[in-house]
Structure formats: structure tokens, C-alpha cells
$ cat data-v3.txt   # compact mmCIF, C-alpha atoms
# COMPACT_ATOMS: atom_id res chain seq x y z
CA MET A 854 19.75 12.57 19.97
CA SER A 855 17.13 9.84 20.08
CA LEU A 856 14.90 9.03 17.15
CA ILE A 857 11.86 10.15 19.15
CA GLU A 858 13.49 13.53 19.80
CA ASP A 859 14.25 13.82 16.06
CA LEU A 860 10.59 13.21 15.23
CA LYS A 861 9.44 15.70 17.86
CA TRP A 862 11.73 18.30 16.23
CA ARG A 863 10.42 17.63 12.71
CA HIS A 864 7.54 19.68 11.32
CA ALA A 865 6.16 20.64 7.91
CA CYS A 866 8.43 23.60 7.10
CA LYS A 867 6.38 26.28 5.32
CA GLY A 868 9.26 28.59 4.42
CA MET A 869 12.92 27.94 3.57
CA ASN A 870 15.82 30.39 3.39
CA GLY A 871 17.79 29.07 0.40
CA ALA A 872 20.84 27.98 2.41
CA LYS A 873 22.71 25.02 0.94
CA VAL A 874 22.52 21.62 2.59
CA PRO A 875 26.00 20.01 2.67
CA GLN A 876 26.44 17.36 0.00
CA ASP A 877 27.41 14.64 2.46
CA VAL A 878 24.14 15.21 4.34
CA VAL A 879 22.13 14.98 1.12
CA GLU A 880 23.95 11.78 0.24
CA ARG A 881 23.04 10.22 3.59
CA ILE A 882 19.38 11.08 3.03
CA LEU A 883 19.51 9.55 -0.44
CA GLU A 884 21.25 6.43 0.89
CA ALA A 885 18.49 6.06 3.48
CA ILE A 886 15.91 6.29 0.69
CA ASN A 887 17.79 3.58 -1.18
CA LEU A 888 17.68 1.35 1.93
CA THR A 889 13.93 1.79 2.36
CA PRO A 890 11.94 -1.46 2.45
CA THR A 891 9.57 -1.89 -0.50
CA SER A 892 7.11 -4.60 -1.46
CA LEU A 893 8.89 -7.52 -3.16
CA GLY A 894 12.08 -5.46 -2.82
CA MET A 895 11.44 -3.98 -6.26
CA GLN A 896 11.98 -0.25 -5.60
CA ALA A 897 9.50 0.62 -8.35
CA PHE A 898 10.19 4.35 -8.17
CA LYS A 899 12.83 6.91 -9.02
CA VAL A 900 13.97 10.04 -7.19
CA PHE A 901 14.96 13.19 -9.06
CA VAL A 902 17.26 15.53 -7.08
CA ILE A 903 16.89 19.06 -8.40
CA GLU A 904 19.38 21.78 -7.51
CA ASN A 905 18.98 23.90 -10.66
CA LYS A 906 17.45 27.26 -9.71
CA GLU A 907 15.73 27.85 -13.05
CA LEU A 908 14.12 24.41 -13.01
CA LYS A 909 12.85 24.92 -9.46
CA GLU A 910 11.36 28.26 -10.51
CA LYS A 911 9.68 26.58 -13.50
CA ILE A 912 8.16 23.94 -11.22
CA TYR A 913 7.00 26.68 -8.85
CA ASN A 914 5.38 28.71 -11.63
CA GLU A 915 3.78 25.86 -13.54
CA ALA A 916 3.14 23.05 -11.07
CA CYS A 917 3.29 24.07 -7.41
CA GLU A 918 3.26 27.61 -6.00
CA GLN A 919 4.62 26.80 -2.54
CA GLN A 920 7.59 28.83 -1.25
CA PRO A 921 9.82 25.88 -0.28
CA ILE A 922 9.93 24.84 -3.96
CA THR A 923 12.21 27.80 -4.68
CA GLY A 924 13.49 28.34 -1.13
CA CYS A 925 14.87 24.85 -0.67
CA SER A 926 18.42 23.67 -1.18
CA HIS A 927 17.49 20.44 -2.95
CA LEU A 928 14.11 19.52 -4.37
CA LEU A 929 13.36 15.78 -4.41
CA VAL A 930 10.70 14.56 -6.81
CA PHE A 931 9.57 11.00 -6.15
CA ALA A 932 8.13 9.35 -9.26
CA SER A 933 6.65 5.87 -9.39
CA TYR A 934 6.69 3.61 -12.41
CA THR A 935 3.33 3.39 -14.13
CA GLN A 936 3.74 -0.31 -14.90
CA ILE A 937 6.12 -3.18 -14.33
CA THR A 938 7.50 -4.18 -17.72
CA GLU A 939 9.37 -7.33 -18.73
CA LYS A 940 12.53 -5.23 -19.01
CA TYR A 941 12.06 -3.94 -15.47
CA LEU A 942 11.81 -7.54 -14.24
CA ASP A 943 14.85 -8.53 -16.31
CA ASP A 944 16.88 -5.72 -14.76
CA TYR A 945 15.62 -6.59 -11.27
CA PHE A 946 16.65 -10.22 -11.58
CA ASP A 947 20.00 -9.24 -13.08
CA LEU A 948 20.55 -7.23 -9.89
CA ILE A 949 19.47 -10.13 -7.67
CA ASN A 950 21.91 -12.41 -9.51
CA LYS A 951 24.70 -9.88 -9.11
CA LYS A 952 24.11 -9.37 -5.39
CA ARG A 953 23.10 -12.88 -4.27
CA ASN A 954 23.88 -15.34 -7.06
CA PRO A 955 20.84 -17.55 -6.33
CA SER A 956 19.95 -20.69 -8.22
CA LYS A 957 18.11 -20.47 -11.52
CA GLU A 958 15.31 -22.52 -9.97
CA TRP A 959 14.86 -19.97 -7.20
CA CYS A 960 14.85 -17.06 -9.66
CA ASP A 961 12.31 -18.73 -11.94
CA LYS A 962 10.03 -19.49 -9.00
CA TYR A 963 10.27 -15.99 -7.56
CA ARG A 964 9.73 -14.34 -10.94
CA LYS A 965 6.58 -16.40 -11.49
CA LYS A 966 5.37 -15.27 -8.07
CA ILE A 967 5.89 -11.61 -9.01
CA GLU A 968 4.28 -12.05 -12.43
CA PHE A 969 1.26 -13.70 -10.80
CA PHE A 970 1.01 -10.82 -8.32
CA ILE A 971 1.16 -8.26 -11.14
CA GLU A 972 -1.48 -10.08 -13.18
CA LYS A 973 -3.75 -10.56 -10.17
CA ASN A 974 -3.67 -6.89 -9.16
CA GLY A 975 -4.32 -5.65 -12.69
CA SER A 976 -6.08 -2.28 -12.51
CA ASN A 977 -4.86 -1.65 -8.95
CA LEU A 978 -1.21 -2.15 -9.86
CA LYS A 979 -0.45 1.51 -10.54
CA ASN A 980 -1.85 2.47 -7.14
CA TRP A 981 0.17 -0.28 -5.43
CA ILE A 982 3.37 0.90 -7.11
CA SER A 983 2.82 4.54 -6.15
CA GLN A 984 2.19 3.60 -2.52
CA GLN A 985 5.71 2.18 -2.26
CA THR A 986 7.13 5.69 -2.55
CA TYR A 987 5.35 6.73 0.64
CA ILE A 988 7.46 4.29 2.65
CA ALA A 989 10.52 6.05 1.24
CA LEU A 990 8.97 9.42 2.11
CA GLY A 991 8.70 8.47 5.78
CA VAL A 992 12.29 7.29 5.86
CA ALA A 993 13.51 10.45 4.08
CA CYS A 994 11.70 12.75 6.52
CA THR A 995 13.05 10.79 9.48
CA ILE A 996 16.70 10.78 8.41
CA ALA A 997 16.41 14.46 7.41
CA ALA A 998 15.15 15.26 10.92
CA ASN A 999 18.08 13.34 12.36
CA GLU A 1000 20.36 15.63 10.30
CA ARG A 1001 18.30 18.68 11.36
CA ILE A 1002 17.23 19.34 7.79
CA GLU A 1003 13.75 20.74 7.23
CA THR A 1004 11.28 19.01 4.92
CA LEU A 1005 7.81 19.62 3.52
CA PRO A 1006 6.09 16.64 1.88
CA ILE A 1007 3.89 18.02 -0.92
CA GLU A 1008 1.11 16.20 -2.75
CA GLY A 1009 -0.83 19.30 -3.76
CA PHE A 1010 0.70 20.01 -7.15
CA ASP A 1011 -0.27 19.82 -10.81
CA ARG A 1012 0.87 16.29 -11.61
CA ASP A 1013 0.38 16.63 -15.36
CA ALA A 1014 2.47 19.81 -15.41
CA LEU A 1015 5.28 18.32 -13.33
CA ASN A 1016 5.29 15.15 -15.42
CA ARG A 1017 5.59 17.31 -18.54
CA ILE A 1018 8.37 19.49 -17.11
CA LEU A 1019 10.48 16.46 -16.16
CA ASP A 1020 9.45 14.45 -19.23
CA LEU A 1021 8.33 11.60 -16.99
CA PRO A 1022 5.79 9.81 -19.25
CA THR A 1023 8.52 8.93 -21.76
CA GLN A 1024 10.34 7.21 -18.89
CA ASN A 1025 7.27 5.23 -17.83
CA LEU A 1026 7.06 7.37 -14.66
CA SER A 1027 4.56 9.65 -12.92
CA ALA A 1028 5.29 12.08 -10.07
CA THR A 1029 3.94 10.96 -6.69
CA PHE A 1030 5.06 13.76 -4.37
CA ILE A 1031 7.65 16.48 -3.91
CA LEU A 1032 10.01 16.83 -0.94
CA PRO A 1033 12.01 20.07 -0.52
CA LEU A 1034 15.10 19.84 1.71
CA GLY A 1035 16.55 22.93 3.35
CA TYR A 1036 16.65 25.26 6.33
CA LYS A 1037 13.74 27.24 7.71
CA ASP A 1038 13.15 30.95 7.20
CA GLU A 1039 11.62 31.92 10.55
CA ASN A 1040 9.82 34.87 8.95
CA LEU A 1041 8.04 32.59 6.48
CA ASP A 1042 7.77 29.32 8.36
CA TRP A 1043 4.77 30.08 10.57
CA LEU A 1044 4.76 26.53 11.95
CA HIS A 1045 8.31 26.47 13.33
CA ASN A 1046 7.40 27.57 16.86
CA GLN A 1047 3.99 25.89 17.03
CA PRO A 1048 3.40 22.77 19.16
CA LYS A 1049 2.68 19.53 17.34
CA VAL A 1050 -0.96 18.59 17.04
CA ARG A 1051 -1.10 14.86 17.69
CA LYS A 1052 -3.65 12.55 19.29
CA ASP A 1053 -2.97 10.96 22.65
CA LEU A 1054 -1.62 7.45 22.18
CA SER A 1055 -4.74 6.09 23.87
CA ASP A 1056 -6.85 7.62 21.08
CA LEU A 1057 -4.60 6.38 18.28
CA ILE A 1058 -3.50 2.95 19.49
CA GLU A 1059 -5.71 0.02 20.39
CA VAL A 1060 -3.98 -3.02 21.87
CA ILE A 1061 -5.67 -6.35 21.22
CA LYS A 1062 -4.44 -9.22 23.40
$ encode --input "data-v3.txt" --output "C-alpha cells"
Amino acid sequence: MSLIEDLKWRHACKGMNGAKVPQDVVERILEAINLTPTSLGMQAFKVFVIENKELKEKIYNEACEQQPITGCSHLLVFASYTQITEKYLDDYFDLINKKRNPSKEWCDKYRKKIEFFIEKNGSNLKNWISQQTYIALGVACTIAANERIETLPIEGFDRDALNRILDLPTQNLSATFILPLGYKDENLDWLHNQPKVRKDLSDLIEVIK
């Protein structure tokens, strides 16, 4: 099927039936997330893949009372780093050296560029980091649709509670959004047979020549 057909099929699934998504499908979705483009290539976020039933129920009860939290097969929690530390940069450049083996001069120049960017953005840095996860969200929803796996991007949750449950602050992380993966329960997913509500392209797109 074409990518456009995949995106036409996709919708925000409001109810999931608990059926298990095959592991190879989950792995392809996670690989697509890993291949997502991010600013400066830094991937300043982490994805927690939760299968544990008790943990999903705890998140449902304490952080987000939406049915797909417990009805999904796998619950993805995207968490962005709250700052870029010297260690994070060290690890990033170790990875660059491992993958590309660039010159020391190039690494020093590029690191100074990143450090300047971090210093310049100051108070807005946390917001910039968290926004990188949304690129990964779009990719995850798209590849999931290609695999005919339902998704429901969720921002409406108690961030403090979820951070506490997953012990994120001690890891220099904060939850950005939640993405359940699974299969729809037609009795609960009231959106599954509804047409998409989208603007006409002429209302959304303006071409400037």
C-alpha cells in the first residue's frame, strides 16, 4: 500500500483490545524511531517500551486514565532530556568517532558549534529538546500505520506522576508524550468508522512562487 493510503487508514484509536503486536513489528517501529531525523543529530530523548501489565495499570490509575493505556500491547513513553550535559556530548562524539572516524579538528569545530547553540538558547533549550521527540512521534505513527498497528498520541497526562513512576528525574529525563500501540476494540474505539476531518489542501497550503 502507498504511504498516503497508510495515512488515510490511520486515526487516533480510542479503544484497544489487548491483543499482542508481534515482536518483529514492534522492532520495526522502534528502528524507524531510531532513524528519525533530529536537530544536530543528537537524539536527545529516550523511549521506554512498557509491556508489564501492572506498570501500565499504575500509569493508568495515577497518570492517565485513557483506555488504550491498559488496552494496548506496548506502551511507548517518549522522554526528552532536560539538559545537554558534558557527558552527553562526550558520549555523542564517541559515537560519531565510532561511526565516522572524523578528524579531531572537525570534531572540535562541531562540538564548539553545538556548545555555542546550547549557550545561546539558554532558557529555551529544554523546549527545543522536547520538540525533537515530536519528529519521532510522526515517524512512529506513520510506520505503525504501514504495519496496520493502531496508535493514540497522548499529551494529556500527569507529567509529574509519570516522571515519578518511571523515576525519570534521576535520569535527567522528563516525559513528553505517551504512544500506545495495539489493535482497536470496535466497541470502544468510537472513531474507527468515522471519516477524517481535514482541511482542503487549498485551505492548508499556500504556494509562493
$ atom_distance --input "data-v3.txt" --atom1 "CA of Cys925 in chain A" --atom2 "CA of Gly868 in chain A"
8.4 Å
$ atom_distance --input "data-v3.txt" --atom1 "CA of Ala932 in chain A" --atom2 "CA of Phe1030 in chain A"
7.3 Å
$ residues_around --input "data-v3.txt" --residues "Leu990 in chain A" --least-positions-apart "5" --cutoff "12 Å" --atoms "only C-alpha atoms" --output "mmCIF file with C-alpha atoms, in the coordinates of the input"
data_model
loop_
_atom_site.group_PDB
_atom_site.id
_atom_site.type_symbol
_atom_site.label_atom_id
_atom_site.label_comp_id
_atom_site.auth_asym_id
_atom_site.auth_seq_id
_atom_site.Cartn_x
_atom_site.Cartn_y
_atom_site.Cartn_z
ATOM 1 C CA ILE A 882 19.380 11.080 3.030
ATOM 2 C CA LEU A 883 19.510 9.550 -0.440
ATOM 3 C CA ALA A 885 18.490 6.060 3.480
ATOM 4 C CA ILE A 886 15.910 6.290 0.690
ATOM 5 C CA ASN A 887 17.790 3.580 -1.180
ATOM 6 C CA LEU A 888 17.680 1.350 1.930
ATOM 7 C CA THR A 889 13.930 1.790 2.360
ATOM 8 C CA PRO A 890 11.940 -1.460 2.450
ATOM 9 C CA THR A 891 9.570 -1.890 -0.500
ATOM 10 C CA PHE A 898 10.190 4.350 -8.170
ATOM 11 C CA VAL A 900 13.970 10.040 -7.190
ATOM 12 C CA LEU A 929 13.360 15.780 -4.410
ATOM 13 C CA VAL A 930 10.700 14.560 -6.810
ATOM 14 C CA PHE A 931 9.570 11.000 -6.150
ATOM 15 C CA ALA A 932 8.130 9.350 -9.260
ATOM 16 C CA SER A 983 2.820 4.540 -6.150
ATOM 17 C CA GLN A 984 2.190 3.600 -2.520
ATOM 18 C CA GLN A 985 5.710 2.180 -2.260
ATOM 19 C CA THR A 995 13.050 10.790 9.480
ATOM 20 C CA ILE A 996 16.700 10.780 8.410
ATOM 21 C CA ALA A 997 16.410 14.460 7.410
ATOM 22 C CA THR A 1004 11.280 19.010 4.920
ATOM 23 C CA LEU A 1005 7.810 19.620 3.520
ATOM 24 C CA PRO A 1006 6.090 16.640 1.880
ATOM 25 C CA ILE A 1007 3.890 18.020 -0.920
ATOM 26 C CA GLU A 1008 1.110 16.200 -2.750
ATOM 27 C CA THR A 1029 3.940 10.960 -6.690
ATOM 28 C CA PHE A 1030 5.060 13.760 -4.370
ATOM 29 C CA ILE A 1031 7.650 16.480 -3.910
ATOM 30 C CA LEU A 1032 10.010 16.830 -0.940
ATOM 31 C CA PRO A 1033 12.010 20.070 -0.520
#
$ closest_atom_pairs --input "data-v3.txt" --of "range 996-1016 of chain A" --to "range 910-916 of chain A" --cutoff "7 Å" --atoms "all atoms listed in the file" --output "Markdown table"
| residue | atom | partner | partner_atom | distance |
| --- | --- | --- | --- | --- |
| A:Phe1010 | CA | A:Ala916 | CA | 5.5 |
| A:Asp1011 | CA | A:Ala916 | CA | 4.7 |
| A:Ala1014 | CA | A:Ala916 | CA | 5.5 |
| A:Leu1015 | CA | A:Ala916 | CA | 5.7 |
$ closest_residue --input "data-v3.txt" --among "A:Arg964, A:Leu1044, A:Asn974, A:Asn954" --to "Glu939 in chain A" --atoms "all atoms listed in the file"
A:Arg964
$ residues_around --input "data-v3.txt" --residues "Lys965 in chain A" --least-positions-apart "6" --cutoff "12 Å" --atoms "all atoms listed in the file" --output "list in words"
Glu939, Leu942, Phe946, Glu958, Trp959, Ile971, Glu972 and Lys973 of chain A
$ atom_distance --input "data-v3.txt" --atom1 "CA of Glu1039 in chain A" --atom2 "CA of Glu1000 in chain A"
18.5 Å
$ residues_around --input "data-v3.txt" --residues "Lys867 in chain A" --least-positions-apart "2" --cutoff "8 Å" --atoms "all atoms listed in the file" --output "PyMOL selection string"
chain A and resi 865+869+920-921+1005+1037+1041-1044
$ closest_residue --input "data-v3.txt" --among "A:Asn999, A:Lys1052, A:Ser1027, A:Cys917" --to "Glu858 in chain A" --atoms "all atoms listed in the file"
A:Asn999
$ closest_residue --input "data-v3.txt" --among "A:Thr923, A:Ile967, A:Leu860, A:Ile1002" --to "Asp943 in chain A" --atoms "all atoms listed in the file"
A:Ile967
$ closest_residue --input "data-v3.txt" --among "A:Met895, A:Lys861, A:Leu1026, A:Gly871" --to "Tyr941 in chain A" --atoms "all atoms listed in the file"
A:Met895
$ residues_near_point --input "data-v3.txt" --point "(16.8, 17.1, -2.7)" --cutoff "6 Å" --atoms "all atoms listed in the file" --output "JSON, numbers by chain"
{"A": [902, 927, 928, 929, 1034]}
$ closest_residue --input "data-v3.txt" --among "A:Thr938, A:Ser855, A:Ser926, A:Gln896" --to "Gln1024 in chain A" --atoms "all atoms listed in the file"
A:Thr938
